[in-house]
file run_39.cif (mmCIF, C-alpha atoms and all ligand atoms)
data_query
#
loop_
_atom_site.label_atom_id
_atom_site.label_comp_id
_atom_site.auth_asym_id
_atom_site.auth_seq_id
_atom_site.Cartn_x
_atom_site.Cartn_y
_atom_site.Cartn_z
CA MET A 1 -29.26 -18.27 28.69
CA ARG A 2 -26.70 -20.84 27.68
CA ILE A 3 -27.15 -24.30 26.25
CA ASN A 4 -24.37 -26.21 27.96
CA ASP A 5 -25.75 -29.73 27.70
CA PRO A 6 -23.76 -31.53 24.96
CA LYS A 7 -26.73 -33.85 24.31
CA ILE A 8 -28.94 -30.86 23.40
CA ALA A 9 -26.15 -29.39 21.27
CA ALA A 10 -25.76 -32.69 19.39
CA ARG A 11 -29.50 -32.92 18.76
CA LEU A 12 -29.49 -29.34 17.43
CA GLY A 13 -26.87 -30.42 14.89
CA GLU A 14 -29.09 -33.29 13.79
CA LEU A 15 -31.97 -30.84 13.28
CA ASP A 16 -29.73 -28.61 11.11
CA VAL A 17 -29.95 -25.82 13.69
CA GLU A 18 -26.79 -23.76 14.16
CA LEU A 19 -25.97 -22.84 17.76
CA VAL A 20 -24.22 -19.47 18.04
CA PRO A 21 -23.19 -19.18 21.69
CA GLY A 22 -23.11 -15.83 23.48
CA THR A 23 -24.66 -13.69 20.75
CA ARG A 24 -25.04 -9.96 21.48
CA LEU A 25 -28.55 -8.97 20.50
CA ALA A 26 -27.32 -5.38 20.22
CA ASP A 27 -25.70 -6.59 16.99
CA LEU A 28 -28.98 -8.00 15.67
CA THR A 29 -31.31 -5.10 16.43
CA SER A 30 -31.68 -1.79 14.63
CA LEU A 31 -31.58 0.05 17.98
CA GLY A 32 -28.19 -1.49 18.78
CA ILE A 33 -29.37 -2.36 22.27
CA GLY A 34 -29.63 -5.79 23.87
CA GLY A 35 -27.74 -8.27 26.05
CA THR A 36 -26.31 -11.68 25.38
CA THR A 37 -27.74 -15.15 24.86
CA ASP A 38 -27.40 -18.24 22.69
CA LEU A 39 -28.78 -17.87 19.19
CA LEU A 40 -30.28 -20.80 17.31
CA ARG A 41 -30.31 -20.35 13.55
CA ILE A 42 -32.88 -22.56 11.85
CA ARG A 43 -32.15 -23.76 8.32
CA LYS A 44 -35.07 -26.15 7.81
CA TYR A 45 -38.65 -25.16 8.64
CA GLU A 46 -39.56 -28.84 9.00
CA SER A 47 -37.32 -29.16 12.04
CA ILE A 48 -39.16 -26.46 14.01
CA PRO A 49 -41.69 -28.73 15.79
CA ASP A 50 -38.86 -31.10 16.88
CA LEU A 51 -36.70 -28.16 17.89
CA LEU A 52 -39.41 -26.65 20.06
CA ASN A 53 -40.23 -30.02 21.62
CA LEU A 54 -36.52 -30.37 22.43
CA LEU A 55 -36.39 -26.92 24.06
CA ASP A 56 -39.63 -27.46 26.00
CA ALA A 57 -38.57 -30.91 27.23
CA ASN A 58 -35.33 -29.38 28.53
CA HIS A 59 -37.00 -26.27 30.00
CA VAL A 60 -35.15 -23.87 27.70
CA PRO A 61 -37.24 -20.68 27.30
CA HIS A 62 -37.08 -19.09 23.84
CA ARG A 63 -38.10 -16.08 21.77
CA PHE A 64 -38.45 -15.70 17.98
CA LEU A 65 -36.43 -12.96 16.32
CA GLY A 66 -37.30 -11.51 12.93
CA GLY A 67 -35.24 -8.61 11.56
CA GLY A 68 -34.86 -6.97 14.98
CA SER A 69 -36.07 -3.63 13.65
CA ASN A 70 -39.04 -3.04 15.95
CA LEU A 71 -37.51 -4.45 19.08
CA LEU A 72 -36.07 -3.22 22.37
CA VAL A 73 -34.14 -6.00 24.12
CA GLY A 74 -33.07 -5.90 27.78
CA ASP A 75 -29.47 -5.60 28.99
CA GLY A 76 -27.08 -8.22 30.37
CA GLU A 77 -27.42 -11.99 30.27
CA LEU A 78 -30.85 -12.74 28.82
CA PRO A 79 -33.09 -15.45 30.36
CA TRP A 80 -34.09 -17.11 27.07
CA VAL A 81 -32.45 -18.31 23.87
CA VAL A 82 -33.33 -16.67 20.58
CA LEU A 83 -34.51 -18.51 17.46
CA GLN A 84 -34.05 -17.03 14.02
CA LEU A 85 -34.79 -18.37 10.54
CA VAL A 86 -31.87 -18.27 8.15
CA PRO A 87 -32.86 -16.04 5.20
CA PRO A 88 -33.66 -18.18 2.18
CA GLU A 89 -32.49 -17.64 -1.39
CA PRO A 90 -34.37 -16.27 -3.27
CA GLY A 91 -37.30 -16.54 -0.82
CA ILE A 92 -39.97 -15.28 -3.21
CA ILE A 93 -41.97 -17.26 -5.78
CA LEU A 94 -44.37 -15.43 -8.07
CA GLU A 95 -47.42 -16.91 -9.76
CA GLY A 96 -49.78 -14.48 -11.49
CA ASN A 97 -50.78 -11.91 -8.87
CA PHE A 98 -49.62 -14.10 -6.00
CA ALA A 99 -46.26 -13.80 -4.26
CA ARG A 100 -45.25 -16.57 -1.91
CA VAL A 101 -42.63 -15.10 0.38
CA ASP A 102 -40.55 -16.72 3.11
CA ALA A 103 -40.89 -15.02 6.48
CA ALA A 104 -37.15 -14.42 6.73
CA ALA A 105 -37.05 -12.52 3.42
CA ASP A 106 -36.09 -8.86 3.67
CA LEU A 107 -39.18 -6.63 3.40
CA GLY A 108 -37.63 -3.93 1.21
CA ARG A 109 -36.18 -6.47 -1.22
CA THR A 110 -39.56 -8.17 -1.43
CA VAL A 111 -41.27 -4.89 -2.30
CA THR A 112 -38.75 -4.12 -5.05
CA PHE A 113 -38.67 -7.69 -6.39
CA CYS A 114 -42.48 -7.70 -6.75
CA ALA A 115 -42.36 -4.21 -8.30
CA LYS A 116 -39.94 -5.42 -10.97
CA HIS A 117 -42.55 -8.02 -11.88
CA ASP A 118 -45.29 -5.38 -12.13
CA LEU A 119 -46.87 -6.20 -8.77
CA GLY A 120 -47.62 -3.16 -6.62
CA GLY A 121 -49.59 -2.19 -3.52
CA MET A 122 -46.72 -2.26 -1.06
CA GLU A 123 -44.97 0.96 -2.11
CA GLY A 124 -45.60 2.50 1.34
CA LEU A 125 -43.48 -0.17 3.01
CA ILE A 126 -40.33 0.77 1.14
CA GLY A 127 -37.82 1.97 3.71
CA VAL A 128 -39.41 -0.03 6.54
CA PRO A 129 -36.55 -2.21 7.80
CA GLY A 130 -37.03 -5.83 8.85
CA THR A 131 -38.32 -9.14 7.56
CA VAL A 132 -41.59 -10.02 5.90
CA GLY A 133 -42.43 -12.20 8.93
CA GLY A 134 -41.99 -9.27 11.30
CA ALA A 135 -44.06 -6.98 9.07
CA LEU A 136 -46.78 -9.63 8.94
CA ARG A 137 -46.89 -10.17 12.70
CA MET A 138 -47.14 -6.42 13.40
CA ASN A 139 -49.33 -5.66 10.37
CA ALA A 140 -46.75 -3.08 9.35
CA GLY A 141 -48.07 -0.10 7.45
CA ALA A 142 -47.27 3.36 6.19
CA TYR A 143 -48.68 6.01 3.92
CA GLY A 144 -52.22 4.69 4.00
CA MET A 145 -51.53 0.96 3.46
CA GLN A 146 -51.04 -2.06 5.72
CA ILE A 147 -49.54 -5.40 4.68
CA GLY A 148 -52.55 -7.30 6.09
CA ALA A 149 -54.71 -6.08 3.20
CA TYR A 150 -52.73 -8.29 0.80
CA VAL A 151 -52.38 -11.46 2.89
CA ARG A 152 -54.14 -14.51 1.45
CA GLU A 153 -52.41 -17.36 3.27
CA VAL A 154 -49.91 -17.75 6.10
CA LYS A 155 -47.76 -20.73 6.93
CA LEU A 156 -46.78 -20.70 10.58
CA TYR A 157 -45.65 -22.79 13.49
CA ARG A 158 -48.58 -22.71 15.91
CA ALA A 159 -47.18 -23.00 19.38
CA ALA A 160 -50.54 -24.04 20.86
CA ASP A 161 -50.80 -27.07 18.52
CA HIS A 162 -47.05 -27.81 18.31
CA LYS A 163 -47.24 -28.04 14.53
CA ILE A 164 -46.85 -26.22 11.25
CA GLU A 165 -50.21 -25.04 9.90
CA ILE A 166 -51.61 -22.94 7.09
CA LEU A 167 -54.14 -20.19 7.81
CA GLN A 168 -56.24 -18.43 5.18
CA GLY A 169 -56.17 -14.64 5.21
CA ASN A 170 -59.75 -14.43 6.40
CA GLN A 171 -58.89 -16.52 9.49
CA ILE A 172 -56.51 -13.81 10.69
CA SER A 173 -57.53 -10.42 11.98
CA PHE A 174 -55.34 -7.49 10.98
CA GLU A 175 -55.75 -4.28 12.92
CA TYR A 176 -53.62 -1.18 13.32
CA ARG A 177 -50.17 -2.57 14.26
CA HIS A 178 -51.83 -5.67 15.70
CA THR A 179 -52.74 -9.17 14.50
CA SER A 180 -54.53 -12.17 15.98
CA PHE A 181 -51.38 -14.36 15.95
CA ALA A 182 -50.38 -15.69 19.38
CA PRO A 183 -47.13 -14.22 20.76
CA ASP A 184 -45.33 -17.56 20.43
CA ASP A 185 -46.57 -18.37 16.91
CA MET A 186 -43.70 -18.28 14.44
CA MET A 187 -44.31 -16.90 10.96
CA LEU A 188 -42.80 -19.12 8.25
CA ALA A 189 -44.17 -17.92 4.90
CA VAL A 190 -46.93 -15.75 3.49
CA THR A 191 -48.83 -15.61 0.22
CA LEU A 192 -49.69 -12.07 -0.84
CA GLU A 193 -52.11 -11.14 -3.61
CA LEU A 194 -50.84 -7.93 -5.17
CA PRO A 195 -52.46 -5.68 -7.76
CA SER A 196 -50.91 -5.55 -11.23
CA LYS A 197 -49.26 -2.18 -11.96
CA PRO A 198 -46.60 -1.16 -14.45
CA TYR A 199 -43.13 -1.09 -12.87
CA LYS A 200 -42.65 2.56 -13.79
CA GLU A 201 -45.79 3.54 -11.88
CA ILE A 202 -44.78 1.52 -8.81
CA LEU A 203 -41.32 3.07 -8.94
CA GLN A 204 -42.87 6.52 -8.92
CA GLY A 205 -44.86 5.59 -5.78
CA ILE A 206 -41.73 4.17 -4.16
CA ARG A 207 -39.82 7.39 -4.90
CA ILE A 208 -42.55 9.52 -3.32
CA CYS A 209 -42.68 7.38 -0.16
CA ASN A 210 -38.87 7.34 0.08
CA GLU A 211 -38.78 11.10 -0.19
CA LYS A 212 -41.47 11.59 2.48
CA ARG A 213 -39.67 9.20 4.80
CA ARG A 214 -36.28 10.83 4.25
CA SER A 215 -37.67 14.27 4.99
CA SER A 216 -39.52 13.31 8.19
CA GLN A 217 -37.70 10.38 9.83
CA PRO A 218 -34.16 9.96 11.26
CA LEU A 219 -33.16 7.25 8.81
CA GLY A 220 -29.40 7.31 9.37
CA GLN A 221 -29.68 6.81 13.12
CA ARG A 222 -30.20 3.72 15.22
CA SER A 223 -33.89 3.45 16.12
CA ALA A 224 -36.78 1.00 16.22
CA GLY A 225 -39.07 3.20 14.15
CA CYS A 226 -41.97 4.70 16.07
CA ILE A 227 -41.90 3.95 19.79
CA PHE A 228 -45.61 4.50 20.48
CA LYS A 229 -48.76 3.64 18.56
CA ASN A 230 -50.78 6.62 17.49
CA PRO A 231 -53.80 7.05 19.75
CA PRO A 232 -57.12 7.14 17.83
CA GLY A 233 -57.35 10.30 15.74
CA ALA A 234 -53.99 11.72 16.87
CA SER A 235 -50.27 11.51 16.15
CA ALA A 236 -48.02 10.51 19.04
CA GLY A 237 -45.11 12.23 17.26
CA ARG A 238 -46.93 15.55 17.06
CA MET A 239 -48.09 15.32 20.69
CA ILE A 240 -44.53 14.71 21.93
CA ASP A 241 -43.15 17.42 19.65
CA ASP A 242 -45.74 19.95 20.83
CA LEU A 243 -44.55 19.35 24.40
CA GLY A 244 -41.06 20.42 23.29
CA LEU A 245 -39.55 17.03 24.03
CA LYS A 246 -37.36 16.60 20.93
CA GLY A 247 -33.80 16.06 22.17
CA LEU A 248 -34.90 14.87 25.63
CA SER A 249 -32.34 12.27 26.72
CA VAL A 250 -31.61 9.61 29.27
CA GLY A 251 -27.96 8.68 28.79
CA ASP A 252 -27.57 8.08 25.05
CA ALA A 253 -31.28 7.32 24.54
CA ARG A 254 -32.74 10.38 22.91
CA VAL A 255 -36.00 11.66 21.42
CA SER A 256 -35.12 12.29 17.77
CA ASP A 257 -34.80 15.92 16.66
CA ARG A 258 -36.39 14.96 13.37
CA HIS A 259 -39.44 12.91 14.41
CA ALA A 260 -40.52 12.93 18.05
CA ASN A 261 -41.97 9.40 18.00
CA PHE A 262 -38.56 7.98 17.04
CA PHE A 263 -36.21 7.47 19.98
CA VAL A 264 -32.64 6.98 18.87
CA ASN A 265 -29.58 5.33 20.33
CA ALA A 266 -27.14 8.20 19.98
CA GLY A 267 -24.14 6.18 21.18
CA ARG A 268 -24.07 3.53 23.86
CA ALA A 269 -27.64 3.64 25.18
CA SER A 270 -28.72 0.75 27.39
CA ALA A 271 -32.18 -0.78 27.49
CA ARG A 272 -32.50 0.74 30.94
CA ASP A 273 -31.90 4.25 29.49
CA MET A 274 -34.36 3.68 26.66
CA LEU A 275 -37.06 2.28 28.97
CA LYS A 276 -36.62 5.22 31.33
CA LEU A 277 -36.98 7.66 28.42
CA ILE A 278 -40.11 5.85 27.22
CA ALA A 279 -41.61 5.97 30.73
CA ASP A 280 -40.72 9.69 31.11
CA VAL A 281 -42.31 10.66 27.81
CA ARG A 282 -45.39 8.53 28.46
CA GLU A 283 -45.86 10.22 31.82
CA ARG A 284 -45.48 13.73 30.39
CA VAL A 285 -47.96 12.99 27.60
CA LYS A 286 -50.41 11.54 30.13
CA LYS A 287 -50.12 14.64 32.29
CA ALA A 288 -50.56 17.06 29.38
CA TYR A 289 -53.21 15.29 27.30
CA GLY A 290 -54.72 12.65 29.61
CA VAL A 291 -53.75 9.99 27.05
CA THR A 292 -51.69 6.90 27.89
CA LEU A 293 -49.51 6.07 24.89
CA GLU A 294 -49.20 2.38 24.10
CA ASN A 295 -45.88 0.88 22.95
CA GLU A 296 -45.55 0.21 19.26
CA VAL A 297 -42.04 -1.13 19.80
CA VAL A 298 -41.92 -4.71 21.09
CA VAL A 299 -40.06 -4.94 24.42
CA TRP A 300 -38.22 -8.10 25.48
CA ASN A 301 -37.19 -7.39 29.01
CA GLY A 302 -37.09 -10.37 31.35
N1 LIG B 401 -45.39 15.56 13.43
C1 LIG B 401 -44.90 16.62 14.14
N2 LIG B 401 -43.72 16.44 14.81
C2 LIG B 401 -43.04 15.28 14.81
C3 LIG B 401 -43.56 14.20 14.09
C4 LIG B 401 -44.75 14.35 13.39
O1 LIG B 401 -45.49 17.67 14.18
O2 LIG B 401 -41.99 15.21 15.46
C5 LIG B 401 -46.65 15.74 12.66
C6 LIG B 401 -46.36 15.68 11.16
O3 LIG B 401 -45.98 16.94 10.67
C7 LIG B 401 -47.69 15.21 10.61
C8 LIG B 401 -48.25 14.33 11.74
O4 LIG B 401 -47.53 14.68 12.92
O5 LIG B 401 -48.54 16.29 10.42
C9 LIG B 401 -48.09 12.86 11.44
O6 LIG B 401 -46.71 12.56 11.26
P1 LIG B 401 -46.20 11.45 10.23
O7 LIG B 401 -46.77 11.69 8.88
O8 LIG B 401 -44.73 11.34 10.38
O9 LIG B 401 -46.91 10.13 10.71
P2 LIG B 401 -46.93 9.44 12.11
O10 LIG B 401 -48.35 9.25 12.48
O11 LIG B 401 -46.04 10.08 13.10
C10 LIG B 401 -47.07 7.04 11.08
C11 LIG B 401 -46.52 5.71 11.43
C12 LIG B 401 -45.13 5.54 10.83
C13 LIG B 401 -45.25 5.70 9.31
C14 LIG B 401 -45.81 7.10 9.02
C15 LIG B 401 -46.03 7.34 7.53
C16 LIG B 401 -47.30 5.04 13.63
C17 LIG B 401 -47.01 4.98 15.07
N3 LIG B 401 -46.38 5.62 12.87
O12 LIG B 401 -46.27 8.02 11.72
O13 LIG B 401 -44.72 4.21 11.10
O14 LIG B 401 -43.98 5.55 8.72
O15 LIG B 401 -47.09 7.22 9.68
O16 LIG B 401 -47.18 6.67 7.11
O17 LIG B 401 -48.34 4.56 13.19
C18 LIG B 401 -43.52 2.75 12.55
O18 LIG B 401 -44.48 1.99 12.49
O19 LIG B 401 -42.52 2.48 13.25
C19 LIG B 401 -43.55 4.00 11.83
C20 LIG B 401 -42.55 4.83 11.84
#
call {"tool": "encode", "arguments": {"input": "run_39.cif", "output": "structure tokens"}}
result
Amino acid sequence: MRINDPKIAARLGELDVELVPGTRLADLTSLGIGGTTDLLRIRKYESIPDLLNLLDANHVPHRFLGGGSNLLVGDGELPWVVLQLVPPEPGIILEGNFARVDAAADLGRTVTFCAKHDLGGMEGLIGVPGTVGGALRMNAGAYGMQIGAYVREVKLYRAADHKIEILQGNQISFEYRHTSFAPDDMMLAVTLELPSKPYKEILQGIRICNEKRRSSQPLGQRSAGCIFKNPPGASAGRMIDDLGLKGLSVGDARVSDRHANFFVNAGRASARDMLKLIADVRERVKKAYGVTLENEVVVWNG
């Protein structure tokens, strides 16, 4: 989708929004897959309501992009523009056990920054790529923890109300890889309450999680993390592995040899290849176990 109207482009400038025409989303996603559209980089949170009113008034569909690490984007010319917050510096303010973090801040850096100030709890998230906003929206978790447990306050743009609002932690429901945010809500900042722990102890936890991740996940390859959610009481990775599907490929989209719930882009995979592989594996699992695996990866296709 292209913004060709010079009046819209001029207004974007006034709102301090940078228009990057013809951006390849393959370059902005960890899978390295995704077609082309105009990217709007937002520098000032306060301009978001005006920006979205501008887009709505001109019938410009849009999507919000975080770190692009849990995302499968369709091929070709995309039918919406993409909005992304420009990462702030430093993006994290600490006060006692509270960390106020901008949504565009890098998750890993946030974990280590808090650790250096003796705030722990998020060790499991080390090695999870993406932004804090993305982790918040998905209630990212690993090794027995989920980020939702630490959320005390969220600042967001609520699409339904067309304004920036603050929600308390207890107004949001956090479930396994799911939250009560609406799909078009945009995360802006979060306040986390983290337990005090000596840095050395946190570092030890981080090392253990890093080691576990390195030994079980294909970290050097292009992926979107786990493709499917785990069904209750089971592991999608183990189910797929037990069916002997590691290495199964459609074009360059391939079930990882290391962890069967990671599908990697082994070269020039298209979204079409990846979606076909996902459908194939889902069908085989359904046939063998009678279980329909649900996507964990977010799909933007059409
Ligand atoms: N397993 C296999 N073969 C495989 C993969 C796993 O036999 O190819 C077995 C493992 O040996 C283990 C069990 O399945 O006994 C569970 O595997 P693992 O510990 O890797 O956990 P998982 O359930 O596959 C979940 C999360 C990961 C998270 C890890 C660690 C989901 C869908 N996945 O994986 O999160 O990193 O636990 O806590 O919940 C993600 O969200 O993208 C993600 C990767």
call {"tool": "residues_around", "arguments": {"input": "run_39.cif", "residues": "Glu18 (chain A)", "least_positions_apart": "3", "cutoff": "10 Å", "atoms": "only C-alpha atoms", "output": "VMD selection string"}}
result
chain A and resid 9 12 to 15 21 39 to 43 83 to 84 86
call {"tool": "closest_residue", "arguments": {"input": "run_39.cif", "among": "A:Arg11, A:Arg207, A:Lys229, A:His259", "to": "Leu293 (chain A)", "atoms": "only C-alpha atoms"}}
result
A:Lys229
call {"tool": "atom_distance", "arguments": {"input": "run_39.cif", "atom1": "CA of Ala142 (chain A)", "atom2": "CA of Lys212 (chain A)"}}
result
10.7 Å
call {"tool": "closest_atom_pairs", "arguments": {"input": "run_39.cif", "of": "region 268-296 of chain A", "to": "region 230-254 of chain A", "cutoff": "6 Å", "atoms": "only C-alpha atoms", "output": "JSON lines"}}
result
{"residue": "A:Arg268", "atom": "CA", "partner": "A:Asp252", "partner_atom": "CA", "distance": 5.9}
{"residue": "A:Ala269", "atom": "CA", "partner": "A:Asp252", "partner_atom": "CA", "distance": 4.4}
{"residue": "A:Asp273", "atom": "CA", "partner": "A:Val250", "partner_atom": "CA", "distance": 5.4}
{"residue": "A:Met274", "atom": "CA", "partner": "A:Ala253", "partner_atom": "CA", "distance": 5.2}
{"residue": "A:Leu277", "atom": "CA", "partner": "A:Val250", "partner_atom": "CA", "distance": 5.8}
call {"tool": "atom_distance", "arguments": {"input": "run_39.cif", "atom1": "CA of Gly108 (chain A)", "atom2": "CA of Gly67 (chain A)"}}
result
11.6 Å
call {"tool": "closest_residue", "arguments": {"input": "run_39.cif", "among": "A:Val291, A:Val285, A:Val264, A:Leu25", "to": "Gly225 (chain A)", "atoms": "only C-alpha atoms"}}
result
A:Val264
call {"tool": "residues_near_point", "arguments": {"input": "run_39.cif", "point": "(-32.9, -15.1, 0.4)", "cutoff": "10 Å", "atoms": "all atoms listed in the file", "output": "number ranges by chain"}}
result
A: 86-92, 101-102, 104-106, 109-110
call {"tool": "closest_residue", "arguments": {"input": "run_39.cif", "among": "A:Ala160, A:Val151, A:Ala189, A:Ile126", "to": "ligand LIG 401 (chain B)", "atoms": "all atoms listed in the file"}}
result
A:Ile126
call {"tool": "residues_around", "arguments": {"input": "run_39.cif", "residues": "Ala103 (chain A)", "least_positions_apart": "3", "cutoff": "7 Å", "atoms": "only C-alpha atoms", "output": "PyMOL selection string"}}
result
chain A and resi 131-133+187-190
call {"tool": "closest_residue", "arguments": {"input": "run_39.cif", "among": "A:Leu125, A:Ile202, A:Ile33, A:Ala57", "to": "Gly76 (chain A)", "atoms": "all atoms listed in the file"}}
result
A:Ile33
call {"tool": "atom_distance", "arguments": {"input": "run_39.cif", "atom1": "CA of Ser196 (chain A)", "atom2": "CA of Gly96 (chain A)"}}
result
9.0 Å
call {"tool": "closest_residue", "arguments": {"input": "run_39.cif", "among": "A:Val17, A:Leu107, A:Ile172, A:Leu203", "to": "Leu119 (chain A)", "atoms": "all atoms listed in the file"}}
result
A:Leu203
call {"tool": "residues_around", "arguments": {"input": "run_39.cif", "residues": "Phe262 (chain A)", "least_positions_apart": "4", "cutoff": "6 Å", "atoms": "all atoms listed in the file", "output": "list of chain:residue names"}}
result
A:Gly225, A:Cys226, A:Ile227, A:Ser256
call {"tool": "decode", "arguments": {"input": "run_39.cif", "residues": "region 227-243 of chain A", "atoms": "N, CA, C and O atoms", "output": "compact mmCIF listing (two decimals), in the first residue's frame"}}
result
# COMPACT_ATOMS: atom_id res chain seq x y z
N ILE A 227 6.18 -22.07 16.18
CA ILE A 227 5.10 -21.80 15.22
C ILE A 227 3.72 -22.04 15.85
O ILE A 227 2.79 -21.27 15.65
N PHE A 228 3.61 -23.12 16.63
CA PHE A 228 2.32 -23.48 17.21
C PHE A 228 2.34 -23.28 18.73
O PHE A 228 3.39 -23.43 19.37
N LYS A 229 1.17 -23.01 19.30
CA LYS A 229 1.05 -23.04 20.76
C LYS A 229 1.08 -24.50 21.19
O LYS A 229 0.68 -25.39 20.43
N ASN A 230 1.51 -24.73 22.39
CA ASN A 230 1.43 -26.08 22.93
C ASN A 230 -0.02 -26.38 23.29
O ASN A 230 -0.67 -25.56 23.95
N PRO A 231 -0.55 -27.53 22.86
CA PRO A 231 -1.90 -27.87 23.31
C PRO A 231 -1.86 -28.21 24.80
O PRO A 231 -0.78 -28.56 25.31
N PRO A 232 -2.98 -28.10 25.53
CA PRO A 232 -2.95 -28.35 26.97
C PRO A 232 -2.27 -29.69 27.30
O PRO A 232 -2.60 -30.72 26.71
N GLY A 233 -1.28 -29.61 28.18
CA GLY A 233 -0.62 -30.83 28.68
C GLY A 233 0.32 -31.50 27.70
O GLY A 233 0.78 -32.62 27.96
N ALA A 234 0.61 -30.87 26.55
CA ALA A 234 1.49 -31.53 25.58
C ALA A 234 2.46 -30.52 24.98
O ALA A 234 2.32 -29.31 25.17
N SER A 235 3.46 -31.03 24.28
CA SER A 235 4.41 -30.15 23.60
C SER A 235 4.26 -30.35 22.09
O SER A 235 4.43 -31.47 21.58
N ALA A 236 3.94 -29.26 21.39
CA ALA A 236 3.78 -29.35 19.93
C ALA A 236 5.09 -29.84 19.31
O ALA A 236 5.08 -30.66 18.38
N GLY A 237 6.23 -29.33 19.83
CA GLY A 237 7.53 -29.72 19.29
C GLY A 237 7.75 -31.23 19.37
O GLY A 237 8.16 -31.87 18.40
N ARG A 238 7.44 -31.79 20.53
CA ARG A 238 7.63 -33.24 20.69
C ARG A 238 6.69 -34.02 19.76
O ARG A 238 7.09 -35.02 19.15
N MET A 239 5.45 -33.56 19.65
CA MET A 239 4.47 -34.26 18.79
C MET A 239 4.96 -34.29 17.34
O MET A 239 4.92 -35.33 16.66
N ILE A 240 5.46 -33.14 16.87
CA ILE A 240 5.91 -33.05 15.47
C ILE A 240 7.16 -33.91 15.29
O ILE A 240 7.30 -34.65 14.31
N ASP A 241 8.05 -33.84 16.28
CA ASP A 241 9.29 -34.62 16.23
C ASP A 241 8.97 -36.13 16.20
O ASP A 241 9.51 -36.88 15.38
N ASP A 242 8.04 -36.55 17.06
CA ASP A 242 7.70 -37.97 17.13
C ASP A 242 7.11 -38.48 15.81
O ASP A 242 7.13 -39.69 15.54
N LEU A 243 6.57 -37.58 15.01
CA LEU A 243 6.06 -37.99 13.69
C LEU A 243 7.18 -38.04 12.64
O LEU A 243 6.93 -38.32 11.47
